[in-house]
>>> print(open('data-v1.tsv').read())   # TSV, C-alpha atoms and all ligand atoms
chain	number	residue	atom	x	y	z
A	1	MET	CA	80.55	62.26	48.58
A	2	GLU	CA	77.43	62.14	50.62
A	3	ARG	CA	78.04	61.42	54.27
A	4	LYS	CA	76.07	58.53	55.61
A	5	VAL	CA	73.80	59.33	58.52
A	6	GLN	CA	74.44	57.04	61.47
A	7	LYS	CA	73.66	56.98	65.15
A	8	CYS	CA	76.16	57.23	67.99
A	9	LYS	CA	76.36	53.73	69.41
A	10	GLN	CA	76.28	55.13	72.94
A	11	CYS	CA	73.77	58.00	73.01
A	12	GLY	CA	71.95	57.66	69.70
A	13	ARG	CA	72.60	61.17	68.42
A	14	ILE	CA	73.05	61.59	64.67
A	15	ILE	CA	76.66	61.37	63.53
A	16	TYR	CA	78.31	60.88	60.15
A	17	PHE	CA	80.74	58.08	60.94
A	18	ASP	CA	80.61	54.64	62.48
A	19	GLY	CA	81.22	54.61	66.23
A	20	ILE	CA	80.51	56.90	69.15
A	21	CYS	CA	80.19	60.68	69.10
A	22	VAL	CA	82.80	63.18	70.29
A	23	SER	CA	80.83	64.01	73.39
A	24	CYS	CA	80.41	60.36	74.44
A	25	ARG	CA	84.13	59.77	73.91
A	26	ALA	CA	84.93	62.74	76.15
A	27	GLU	CA	82.46	61.47	78.75
A	28	ASN	CA	84.02	57.98	78.75
A	29	GLU	CA	87.49	59.43	79.15
A	30	ARG	CA	86.27	61.63	82.00
A	31	ASN	CA	84.66	58.69	83.82
A	32	LYS	CA	87.82	56.65	83.44
A	33	ILE	CA	90.01	59.35	84.97
A	34	LEU	CA	87.50	60.11	87.72
A	35	ALA	CA	87.83	56.46	88.81
A	36	TRP	CA	91.64	56.50	88.98
A	37	SER	CA	93.44	55.86	92.27
A	38	GLN	CA	96.16	58.23	93.51
A	39	ASP	CA	98.77	55.73	92.28
A	40	GLN	CA	97.31	55.87	88.79
A	41	ILE	CA	97.33	59.67	88.89
A	42	ASP	CA	100.97	59.67	90.05
A	43	ALA	CA	101.89	57.31	87.22
A	44	ALA	CA	100.18	59.57	84.69
A	45	VAL	CA	102.00	62.62	86.08
A	46	GLN	CA	105.26	60.71	85.70
A	47	LYS	CA	104.40	59.89	82.09
A	48	ILE	CA	103.85	63.60	81.39
A	49	CYS	CA	107.13	64.55	83.09
A	50	ASP	CA	108.93	61.88	81.04
A	51	GLU	CA	107.65	63.24	77.76
A	52	ILE	CA	108.68	66.79	78.67
A	53	ALA	CA	112.09	65.70	80.00
A	54	VAL	CA	112.89	63.70	76.86
A	55	SER	CA	111.42	65.88	74.11
A	56	GLY	CA	111.04	69.31	75.71
A	57	LYS	CA	107.44	69.22	74.49
A	58	LEU	CA	103.99	68.30	75.71
A	59	ASP	CA	102.38	66.81	72.67
A	60	ARG	CA	101.60	63.11	72.93
A	61	GLU	CA	100.32	63.44	76.53
A	62	ARG	CA	98.72	66.86	76.12
A	63	GLN	CA	95.14	65.61	76.45
A	64	LEU	CA	96.07	63.42	79.41
A	65	PHE	CA	97.59	66.47	81.09
A	66	THR	CA	94.47	68.61	80.51
A	67	ASN	CA	92.20	65.83	81.76
A	68	LEU	CA	94.26	65.23	84.90
A	69	VAL	CA	94.24	68.91	85.78
A	70	ASN	CA	90.59	69.45	84.89
A	71	TYR	CA	88.99	66.35	86.38
A	72	ARG	CA	91.32	65.61	89.30
A	73	ASP	CA	93.02	68.96	89.92
A	74	ALA	CA	96.28	66.99	89.77
A	75	ASP	CA	99.25	68.60	91.52
A	76	THR	CA	101.61	70.03	88.88
A	77	THR	CA	104.64	70.77	91.11
A	78	GLU	CA	106.87	68.15	89.46
A	79	ILE	CA	105.51	68.87	86.00
A	80	ALA	CA	106.30	72.59	86.48
A	81	ARG	CA	109.85	71.78	87.58
A	82	THR	CA	110.44	69.57	84.55
A	83	ALA	CA	108.82	72.06	82.16
A	84	PHE	CA	110.90	74.93	83.54
A	85	GLU	CA	114.13	72.96	83.07
A	86	LYS	CA	113.17	72.57	79.41
A	87	GLN	CA	111.90	76.17	79.18
A	88	LEU	CA	108.49	74.91	78.12
A	89	PHE	CA	105.86	77.54	78.93
A	90	TYR	CA	102.71	76.30	77.25
A	91	PRO	CA	100.02	75.52	78.30
A	92	GLY	CA	100.00	77.82	81.32
A	93	GLU	CA	98.33	75.17	83.50
A	94	LEU	CA	101.73	73.41	83.66
A	95	TYR	CA	102.61	76.00	86.28
A	96	LYS	CA	99.41	75.84	88.33
A	97	ASP	CA	101.34	74.51	91.35
A	98	ALA	CA	104.84	75.66	90.39
A	99	PRO	CA	107.20	75.80	93.41
A	100	ASP	CA	108.41	79.18	94.71
A	101	ASP	CA	111.85	79.02	93.14
A	102	VAL	CA	110.38	78.38	89.69
A	103	VAL	CA	107.92	81.25	90.12
A	104	GLN	CA	110.75	83.56	91.21
A	105	SER	CA	112.85	82.56	88.20
A	106	MET	CA	109.98	83.25	85.81
A	107	ILE	CA	109.36	86.65	87.39
A	108	GLY	CA	113.09	87.32	87.06
A	109	MET	CA	112.86	86.64	83.32
A	110	LEU	CA	109.97	89.10	82.94
A	111	GLN	CA	111.90	91.78	84.81
A	112	GLN	CA	114.39	91.91	81.94
A	113	ASP	CA	113.85	94.20	78.97
A	114	ASP	CA	115.20	91.84	76.37
A	115	VAL	CA	112.70	88.98	76.74
A	116	ASP	CA	111.03	88.04	73.47
A	117	SER	CA	107.44	89.31	73.62
A	118	MET	CA	105.95	85.91	72.70
A	119	LEU	CA	107.88	84.34	75.56
A	120	ALA	CA	106.72	87.16	77.84
A	121	ASN	CA	103.15	86.44	76.75
A	122	HIS	CA	103.50	82.77	77.79
A	123	LEU	CA	105.27	83.60	81.05
A	124	LEU	CA	102.48	86.01	81.99
A	125	LEU	CA	99.85	83.35	81.34
A	126	CYS	CA	101.75	80.72	83.35
A	127	LEU	CA	102.17	83.08	86.29
A	128	ALA	CA	98.56	84.27	86.06
A	129	ILE	CA	97.36	80.68	86.42
A	130	HIS	CA	99.70	80.14	89.38
A	131	GLY	CA	98.48	83.37	91.02
A	132	GLY	CA	99.27	84.29	94.62
A	133	GLU	CA	100.74	87.27	96.43
A	134	THR	CA	104.24	87.13	94.87
A	135	VAL	CA	102.86	87.04	91.33
A	136	PHE	CA	100.39	89.82	92.11
A	137	ARG	CA	103.15	92.12	93.38
A	138	ALA	CA	105.34	91.34	90.38
A	139	PHE	CA	102.48	91.98	87.92
A	140	ALA	CA	101.59	95.29	89.58
A	141	GLU	CA	105.23	96.40	89.38
A	142	LEU	CA	105.55	95.32	85.73
A	143	GLU	CA	102.39	97.25	84.93
A	144	GLN	CA	103.68	100.40	86.58
A	145	HIS	CA	107.13	100.10	85.06
A	146	PRO	CA	106.61	98.33	81.72
A	147	ARG	CA	109.63	96.58	80.25
A	148	LYS	CA	110.45	96.65	76.58
A	149	TRP	CA	108.51	93.43	75.76
A	150	ARG	CA	105.27	95.17	76.77
A	151	GLU	CA	105.29	97.25	73.56
A	152	LYS	CA	104.40	94.23	71.43
A	153	LEU	CA	101.68	92.85	73.71
A	154	HIS	CA	98.09	94.01	73.49
A	155	VAL	CA	97.14	94.14	77.13
A	156	ASP	CA	98.56	94.76	80.60
A	157	PRO	CA	99.48	92.08	83.16
A	158	SER	CA	96.22	92.83	85.03
A	159	VAL	CA	94.31	91.46	82.02
A	160	TYR	CA	96.56	88.37	81.85
A	161	ALA	CA	95.73	87.82	85.52
A	162	THR	CA	92.08	87.17	84.63
A	163	TYR	CA	93.14	83.89	83.00
A	164	GLY	CA	93.93	82.79	86.53
A	165	GLY	CA	90.65	84.18	87.87
A	166	TRP	CA	92.01	87.31	89.57
A	167	SER	CA	93.04	90.87	88.80
A	168	TYR	CA	93.80	94.18	90.49
A	169	ASP	CA	92.92	97.84	90.03
A	170	SER	CA	95.01	100.97	89.63
A	171	SER	CA	95.01	101.53	93.39
A	172	GLY	CA	96.68	98.13	93.81
A	173	SER	CA	93.80	96.17	95.34
A	174	ILE	CA	93.60	92.56	94.28
A	175	PHE	CA	90.24	90.85	93.64
A	176	LYS	CA	88.85	87.62	92.22
A	177	THR	CA	87.27	87.46	88.76
A	178	ASN	CA	85.86	83.98	89.25
A	179	PHE	CA	84.52	81.69	91.97
A	180	ASP	CA	86.77	78.86	93.21
A	181	LYS	CA	83.88	76.49	93.66
A	182	CYS	CA	82.46	74.75	90.60
A	183	TYR	CA	79.37	72.62	89.95
A	184	PRO	CA	78.68	70.83	86.69
A	185	MET	CA	75.33	70.84	84.93
A	186	ILE	CA	74.42	67.19	84.43
A	187	LYS	CA	71.73	65.32	82.52
A	188	GLY	CA	68.59	64.80	84.55
A	189	THR	CA	64.89	64.43	83.94
A	190	LEU	CA	62.32	67.20	83.45
A	191	ASP	CA	60.94	66.35	86.90
A	192	GLU	CA	64.36	66.80	88.45
A	193	LYS	CA	64.80	70.02	86.50
A	194	ALA	CA	61.70	71.46	88.14
A	195	HIS	CA	63.58	71.25	91.46
A	196	SER	CA	67.06	72.14	90.23
A	197	PRO	CA	68.40	75.44	91.61
A	198	VAL	CA	70.02	76.11	88.23
A	199	LYS	CA	68.11	75.88	84.97
A	200	ILE	CA	69.20	76.57	81.41
A	201	GLY	CA	67.26	78.30	78.67
A	202	ALA	CA	63.77	79.03	80.05
A	203	ARG	CA	61.65	80.92	77.54
A	204	THR	CA	59.94	84.18	78.46
A	205	ASN	CA	56.97	85.98	76.93
A	206	GLU	CA	59.12	88.91	75.83
A	207	LYS	CA	60.29	89.58	72.30
A	208	CYS	CA	63.60	91.18	71.43
A	209	PRO	CA	63.08	94.74	70.17
A	210	HIS	CA	66.01	94.39	67.75
A	211	CYS	CA	65.29	91.10	66.01
A	212	GLY	CA	61.90	89.90	67.27
A	213	CYS	CA	63.28	86.66	68.72
A	214	THR	CA	61.72	85.26	71.89
A	215	MET	CA	63.90	86.17	74.85
A	216	VAL	CA	65.08	83.54	77.31
A	217	ASN	CA	66.46	83.32	80.79
A	218	LEU	CA	69.67	81.72	79.60
A	219	MET	CA	70.38	80.59	83.14
A	220	GLU	CA	68.44	80.89	86.37
A	221	PHE	CA	70.14	80.51	89.75
A	222	ASP	CA	68.40	79.95	93.05
A	223	GLY	CA	71.06	81.12	95.51
A	224	ARG	CA	69.04	79.81	98.46
A	225	ASP	CA	70.12	76.24	97.64
A	226	SER	CA	73.06	75.39	99.92
A	227	ARG	CA	75.17	74.25	96.97
A	228	LEU	CA	75.13	77.84	95.71
A	229	ASP	CA	76.07	79.45	99.04
A	230	PHE	CA	79.37	80.45	97.45
A	231	LEU	CA	77.56	82.88	95.14
A	232	GLY	CA	76.41	84.98	98.07
A	233	ILE	CA	72.96	85.56	96.55
A	234	LYS	CA	69.97	85.10	98.82
A	235	GLY	CA	67.33	84.74	96.15
A	236	VAL	CA	66.68	83.89	92.51
A	237	ILE	CA	68.52	85.65	89.72
A	238	LYS	CA	67.95	85.22	85.99
A	239	ALA	CA	70.33	86.00	83.15
A	240	LYS	CA	67.87	87.19	80.55
A	241	CYS	CA	68.95	87.77	76.96
A	242	CYS	CA	67.96	87.50	73.34
A	243	PRO	CA	69.60	84.19	72.30
A	244	ASP	CA	69.93	85.50	68.75
A	245	CYS	CA	71.41	88.92	69.51
A	246	VAL	CA	74.03	87.51	71.94
A	247	MET	CA	75.79	86.19	68.87
A	248	TRP	CA	75.94	89.60	67.21
A	249	SER	CA	76.68	91.91	70.07
A	250	GLU	CA	79.42	92.15	72.65
A	251	ASP	CA	77.31	94.14	75.08
A	252	ASN	CA	74.48	92.00	76.37
A	253	PHE	CA	73.62	93.05	79.88
A	254	CYS	CA	70.61	92.65	82.11
A	255	ARG	CA	69.68	94.20	85.41
A	256	TYR	CA	68.31	91.74	87.94
A	257	THR	CA	66.65	91.64	91.30
A	258	ILE	CA	67.02	88.72	93.71
A	259	ASP	CA	63.28	88.14	93.29
A	260	GLY	CA	63.89	86.74	89.82
A	261	GLU	CA	63.03	89.87	87.86
A	262	SER	CA	65.35	90.78	85.00
A	263	GLU	CA	65.38	93.55	82.49
A	264	VAL	CA	67.58	93.45	79.41
A	265	VAL	CA	69.69	96.56	78.92
A	266	PHE	CA	69.69	97.66	75.29
A	267	GLU	CA	72.53	100.10	74.96
A	268	LYS	CA	73.80	99.46	71.46
A	269	GLU	CA	72.07	97.89	68.51
A	270	PRO	CA	73.73	94.58	67.55
A	271	TYR	CA	75.58	94.63	64.23
A	272	ASN	CA	73.12	92.18	62.76
A	273	THR	CA	69.40	92.33	63.53
A	274	GLU	CA	68.14	89.44	61.46
A	275	ASN	CA	66.60	86.71	63.60
A	276	TYR	CA	68.16	83.31	62.85
A	277	MET	CA	66.50	81.65	65.83
A	278	ARG	CA	63.17	80.01	65.08
A	279	GLU	CA	60.40	79.18	67.54
A	280	GLU	CA	61.32	75.49	67.38
A	281	ASN	CA	64.88	76.37	68.39
A	282	ILE	CA	63.54	78.25	71.40
A	283	ALA	CA	61.32	75.28	72.23
A	284	GLU	CA	64.31	72.92	72.02
A	285	LEU	CA	66.41	75.19	74.24
A	286	ASP	CA	63.56	75.45	76.74
A	287	SER	CA	63.00	71.69	76.88
A	288	ASN	CA	66.51	70.59	77.95
A	289	SER	CA	66.68	68.57	81.16
A	290	TYR	CA	70.02	69.68	82.58
A	291	ILE	CA	70.20	70.00	86.35
A	292	LEU	CA	72.82	71.15	88.84
A	293	GLY	CA	75.17	68.34	89.94
A	294	ASP	CA	75.01	67.19	93.56
A	295	ALA	CA	78.64	67.66	94.46
A	296	PRO	CA	81.29	70.26	93.62
A	297	VAL	CA	84.02	69.39	91.13
A	298	PRO	CA	87.54	70.82	90.59
A	299	PRO	CA	87.49	74.43	89.25
A	300	ARG	CA	88.67	73.50	85.73
A	301	TYR	CA	86.26	70.60	85.34
A	302	ALA	CA	84.48	72.17	82.35
A	303	ALA	CA	87.50	74.01	80.92
A	304	ASP	CA	87.94	72.09	77.66
A	305	TRP	CA	86.10	71.16	74.48
A	306	GLU	CA	83.09	69.06	75.43
A	307	GLY	CA	83.44	70.41	78.97
A	308	GLY	CA	79.70	71.01	79.09
A	309	SER	CA	77.91	73.64	81.13
A	310	SER	CA	78.92	74.60	84.64
A	311	VAL	CA	78.48	77.13	87.41
A	312	GLY	CA	81.51	78.80	89.01
A	313	GLY	CA	85.09	77.64	88.49
A	314	VAL	CA	87.06	78.36	85.34
A	315	ALA	CA	85.50	78.87	81.92
A	316	PHE	CA	86.65	77.27	78.70
A	317	TRP	CA	87.38	80.37	76.65
A	318	ILE	CA	87.23	79.44	72.98
A	319	GLN	CA	88.82	82.80	72.17
A	320	ASP	CA	90.47	85.14	74.70
A	321	CYS	CA	89.34	85.31	78.30
A	322	VAL	CA	86.89	88.23	78.48
A	323	ILE	CA	85.95	89.77	81.80
A	324	LYS	CA	83.45	92.52	81.03
A	325	CYS	CA	83.40	95.78	82.95
A	326	CYS	CA	80.12	96.49	84.72
A	327	PRO	CA	78.20	99.15	82.76
A	328	ASP	CA	77.15	100.80	86.04
A	329	CYS	CA	80.24	100.88	88.28
A	330	GLY	CA	82.91	100.24	85.64
A	331	LYS	CA	84.60	97.53	87.72
A	332	PRO	CA	85.49	94.13	86.26
A	333	MET	CA	82.62	91.66	86.61
A	334	LYS	CA	82.92	88.11	87.93
A	335	TYR	CA	82.67	85.00	85.78
A	336	LEU	CA	79.65	82.99	86.89
A	337	ALA	CA	78.72	80.24	84.43
A	338	GLN	CA	79.18	78.69	81.02
A	339	ILE	CA	76.80	76.93	78.67
A	340	GLN	CA	78.01	74.64	75.93
A	341	TRP	CA	75.48	75.53	73.25
A	342	ASP	CA	75.27	72.22	71.39
A	343	THR	CA	74.25	70.38	74.56
A	344	VAL	CA	71.00	72.37	74.62
A	345	LEU	CA	70.56	73.49	71.02
A	346	SER	CA	71.51	71.19	68.16
A	347	GLY	CA	73.51	72.78	65.39
A	348	MET	CA	74.60	75.70	67.55
A	349	GLU	CA	78.34	76.14	68.06
A	350	GLY	CA	80.45	77.53	70.84
A	351	ASN	CA	79.81	78.57	74.40
A	352	ALA	CA	77.83	81.25	76.20
A	353	TYR	CA	79.32	82.82	79.33
A	354	ILE	CA	77.55	84.65	82.14
A	355	GLU	CA	79.23	87.22	84.36
A	356	LEU	CA	77.89	89.38	87.15
A	357	CYS	CA	78.39	92.44	89.30
A	358	ARG	CA	76.67	91.79	92.61
A	359	ASP	CA	77.10	95.39	93.78
A	360	CYS	CA	75.05	96.76	90.88
A	361	GLN	CA	72.91	93.65	90.26
A	362	VAL	CA	73.94	93.43	86.63
A	363	MET	CA	74.72	90.33	84.56
A	364	ALA	CA	76.47	90.06	81.20
A	365	VAL	CA	76.01	87.31	78.60
A	366	LEU	CA	78.82	86.64	76.12
A	367	HIS	CA	79.16	84.26	73.21
A	368	GLN	CA	82.29	82.74	71.66
A	369	GLN	CA	82.87	80.22	68.92
A	370	THR	CA	85.75	79.18	66.71
B	401	ZN	ZN	77.09	59.88	71.77
B	402	ZN	ZN	67.46	89.88	69.37
B	403	ZN	ZN	78.82	97.20	89.01
>>> encode(input="data-v1.tsv", output="structure tokens")
Amino acid sequence: MERKVQKCKQCGRIIYFDGICVSCRAENERNKILAWSQDQIDAAVQKICDEIAVSGKLDRERQLFTNLVNYRDADTTEIARTAFEKQLFYPGELYKDAPDDVVQSMIGMLQQDDVDSMLANHLLLCLAIHGGETVFRAFAELEQHPRKWREKLHVDPSVYATYGGWSYDSSGSIFKTNFDKCYPMIKGTLDEKAHSPVKIGARTNEKCPHCGCTMVNLMEFDGRDSRLDFLGIKGVIKAKCCPDCVMWSEDNFCRYTIDGESEVVFEKEPYNTENYMREENIAELDSNSYILGDAPVPPRYAADWEGGSSVGGVAFWIQDCVIKCCPDCGKPMKYLAQIQWDTVLSGMEGNAYIELCRDCQVMAVLHQQT
């Protein structure tokens, strides 16, 4: 059956059903929750606790929970208590604000050998998202003295920690793998974009030596704007990449200066070198009018489907959380920004992620899709 082409009744984009598009629906839901009073938030938290207490699951109110945490950074203390009573350990954000006794009990579970490895996997994620000194010490000890459940997991607790935006090295020093502060990229005009300290997808005059595609500065950041003080960059940095090769290679790095110069590092040839990106795609990418939002938002603001693009905060990892190691110093990089591809390039799926090592002035660009 041929699908009938229609227009979203809100934004006008082409859709194949009658009504409003997925992205407009998400936007409407976001605006509704952003307008809620504290009483309304408390009532919603209660609704979530009720579902968990009665069914032991978070199913019906799952999206409400994600939205409350993402858009309002809702306090999850009571939710964590209720979830722990029911031994519900997914999603990990349930335990974002878990009280000390719950955290201690979960650590106690992981200190046993006979914990099922799937349960251990969930407990590690919950604790990673909670973070803090107690969790860090427990993770470091579990890494040094692995319990039996570790055999069936793929990675160490220090990698789980990155889901919470932190990690630690073999000498036991803890560090952050993301920035706490987060700004959304919002729709603006091309005039406003000219003055925005963050821009998406500016074309360059360089061609990719692997596939011939026009290279772009996937994101440019002017750290001199006071909103970006948290980045600690006193100049302009550009994450340059081949927008085609980022989809076929896991090692897309560029060296940058704070004067806005970037050089792509070509270490390995991507596993596909055919260029699927046409000039009109580059032109479309280049012509978006996204600008940096005026005010910061909670760190998980963009951490969901239709979360859009953002700077700082927590990424929406479509697959596993990937914190690249800097090709120069070998240390884990820091997550910097995400771009939801279909907001700037129609027909493109997934997200791009940008990470950086400020010590070595290196950025990485990653791509994930379902
Ligand atoms: Zn729409
Ligand atoms: Zn290329
Ligand atoms: Zn480095």
>>> residues_around(input="data-v1.tsv", residues="Gly201 (chain A)", least_positions_apart="5", cutoff="7 Å", atoms="only C-alpha atoms", output="ChimeraX atom specification")
/A:216-219,285-286
>>> residues_near_ligand(input="data-v1.tsv", ligand="ligand ZN 403 (chain B)", cutoff="10 Å", atoms="all atoms listed in the file", output="list in words")
Cys325, Cys326, Pro327, Asp328, Cys329, Gly330, Lys331, Pro332, Met333, Leu356, Cys357, Arg358, Asp359, Cys360, Gln361, Val362 and Met363 of chain A
>>> atom_distance(input="data-v1.tsv", atom1="CA of Glu280 (chain A)", atom2="CA of Ser249 (chain A)")
22.6 Å
>>> closest_residue(input="data-v1.tsv", among="A:Ile20, A:Cys321, A:Ile14, A:Ala303", to="ligand ZN 401 (chain B)", atoms="only C-alpha atoms and all ligand atoms")
A:Ile20
>>> closest_atom_pairs(input="data-v1.tsv", of="chain A", to="ligand ZN 402 (chain B)", cutoff="7 Å", atoms="all atoms listed in the file", output="JSON lines")
{"residue": "A:Cys208", "atom": "CA", "partner": "B:ZN402", "partner_atom": "ZN", "distance": 4.6}
{"residue": "A:Pro209", "atom": "CA", "partner": "B:ZN402", "partner_atom": "ZN", "distance": 6.6}
{"residue": "A:His210", "atom": "CA", "partner": "B:ZN402", "partner_atom": "ZN", "distance": 5.0}
{"residue": "A:Cys211", "atom": "CA", "partner": "B:ZN402", "partner_atom": "ZN", "distance": 4.2}
{"residue": "A:Gly212", "atom": "CA", "partner": "B:ZN402", "partner_atom": "ZN", "distance": 5.9}
{"residue": "A:Cys213", "atom": "CA", "partner": "B:ZN402", "partner_atom": "ZN", "distance": 5.3}
{"residue": "A:Cys242", "atom": "CA", "partner": "B:ZN402", "partner_atom": "ZN", "distance": 4.7}
{"residue": "A:Pro243", "atom": "CA", "partner": "B:ZN402", "partner_atom": "ZN", "distance": 6.7}
{"residue": "A:Asp244", "atom": "CA", "partner": "B:ZN402", "partner_atom": "ZN", "distance": 5.1}
{"residue": "A:Cys245", "atom": "CA", "partner": "B:ZN402", "partner_atom": "ZN", "distance": 4.1}
{"residue": "A:Thr273", "atom": "CA", "partner": "B:ZN402", "partner_atom": "ZN", "distance": 6.6}
{"residue": "A:Asn275", "atom": "CA", "partner": "B:ZN402", "partner_atom": "ZN", "distance": 6.6}
>>> residues_around(input="data-v1.tsv", residues="region 67-73 of chain A", least_positions_apart="4", cutoff="10 Å", atoms="all atoms listed in the file", output="list in words")
Ala26, Glu29, Arg30, Asn31, Ile33, Leu34, Ala35, Trp36, Gln38, Ile41, Ala44, Val45, Glu61, Arg62, Gln63, Glu93, Leu94, Lys96, Val297, Pro298, Pro299, Arg300, Tyr301, Ala302, Ala303, Asp304, Gly307 and Val314 of chain A
>>> closest_residue(input="data-v1.tsv", among="A:Arg203, A:Arg147, A:His122, A:Arg13", to="ligand ZN 401 (chain B)", atoms="only C-alpha atoms and all ligand atoms")
A:Arg13
>>> residues_near_ligand(input="data-v1.tsv", ligand="ligand ZN 401 (chain B)", cutoff="6 Å", atoms="all atoms listed in the file", output="list in words")
Cys8, Gln10, Cys11, Gly12, Arg13, Ile20, Cys21, Ser23 and Cys24 of chain A
>>> residues_around(input="data-v1.tsv", residues="Tyr271 (chain A)", least_positions_apart="3", cutoff="10 Å", atoms="all atoms listed in the file", output="list in words")
Cys245, Met247, Trp248, Ser249, Glu250, Lys268 and Glu274 of chain A
>>> residues_around(input="data-v1.tsv", residues="Asn121 (chain A)", least_positions_apart="4", cutoff="10 Å", atoms="all atoms listed in the file", output="ChimeraX atom specification")
/A:89,110,115-117,125-126,149-150,152-155,157,160
>>> closest_residue(input="data-v1.tsv", among="A:Cys254, A:Ala239, A:Ile291, A:Ala352", to="Gly188 (chain A)", atoms="all atoms listed in the file")
A:Ile291
>>> build_atoms(input="data-v1.tsv", residues="region 234-245 of chain A", atoms="N, CA, C and O atoms", output="mmCIF file, in the frame of the given file")
data_model
loop_
_atom_site.group_PDB
_atom_site.id
_atom_site.type_symbol
_atom_site.label_atom_id
_atom_site.label_comp_id
_atom_site.auth_asym_id
_atom_site.auth_seq_id
_atom_site.Cartn_x
_atom_site.Cartn_y
_atom_site.Cartn_z
ATOM 1 N N LYS A 234 71.044 85.682 98.013
ATOM 2 C CA LYS A 234 69.970 85.100 98.820
ATOM 3 C C LYS A 234 68.628 85.181 98.105
ATOM 4 O O LYS A 234 67.653 85.717 98.624
ATOM 5 N N GLY A 235 68.581 84.701 96.892
ATOM 6 C CA GLY A 235 67.330 84.740 96.150
ATOM 7 C C GLY A 235 67.539 84.132 94.773
ATOM 8 O O GLY A 235 68.501 83.396 94.549
ATOM 9 N N VAL A 236 66.618 84.447 93.863
ATOM 10 C CA VAL A 236 66.680 83.890 92.510
ATOM 11 C C VAL A 236 67.096 84.984 91.529
ATOM 12 O O VAL A 236 66.504 86.062 91.513
ATOM 13 N N ILE A 237 68.114 84.685 90.749
ATOM 14 C CA ILE A 237 68.520 85.650 89.720
ATOM 15 C C ILE A 237 68.477 84.977 88.340
ATOM 16 O O ILE A 237 68.750 83.782 88.214
ATOM 17 N N LYS A 238 68.124 85.768 87.347
ATOM 18 C CA LYS A 238 67.950 85.220 85.990
ATOM 19 C C LYS A 238 68.732 86.038 84.983
ATOM 20 O O LYS A 238 68.583 87.261 84.929
ATOM 21 N N ALA A 239 69.548 85.334 84.201
ATOM 22 C CA ALA A 239 70.330 86.000 83.150
ATOM 23 C C ALA A 239 69.498 86.023 81.882
ATOM 24 O O ALA A 239 69.484 85.068 81.114
ATOM 25 N N LYS A 240 68.767 87.105 81.704
ATOM 26 C CA LYS A 240 67.870 87.190 80.550
ATOM 27 C C LYS A 240 68.619 87.770 79.342
ATOM 28 O O LYS A 240 69.420 88.699 79.491
ATOM 29 N N CYS A 241 68.335 87.218 78.173
ATOM 30 C CA CYS A 241 68.950 87.770 76.960
ATOM 31 C C CYS A 241 68.153 87.342 75.739
ATOM 32 O O CYS A 241 67.284 86.479 75.819
ATOM 33 N N CYS A 242 68.465 87.964 74.622
ATOM 34 C CA CYS A 242 67.960 87.500 73.340
ATOM 35 C C CYS A 242 68.984 86.490 72.826
ATOM 36 O O CYS A 242 70.134 86.854 72.592
ATOM 37 N N PRO A 243 68.615 85.216 72.685
ATOM 38 C CA PRO A 243 69.600 84.190 72.300
ATOM 39 C C PRO A 243 70.143 84.405 70.886
ATOM 40 O O PRO A 243 71.183 83.851 70.542
ATOM 41 N N ASP A 244 69.444 85.189 70.102
ATOM 42 C CA ASP A 244 69.930 85.500 68.750
ATOM 43 C C ASP A 244 70.925 86.660 68.812
ATOM 44 O O ASP A 244 72.029 86.570 68.277
ATOM 45 N N CYS A 245 70.551 87.726 69.488
ATOM 46 C CA CYS A 245 71.410 88.920 69.510
ATOM 47 C C CYS A 245 72.725 88.691 70.277
ATOM 48 O O CYS A 245 73.709 89.375 69.998
#
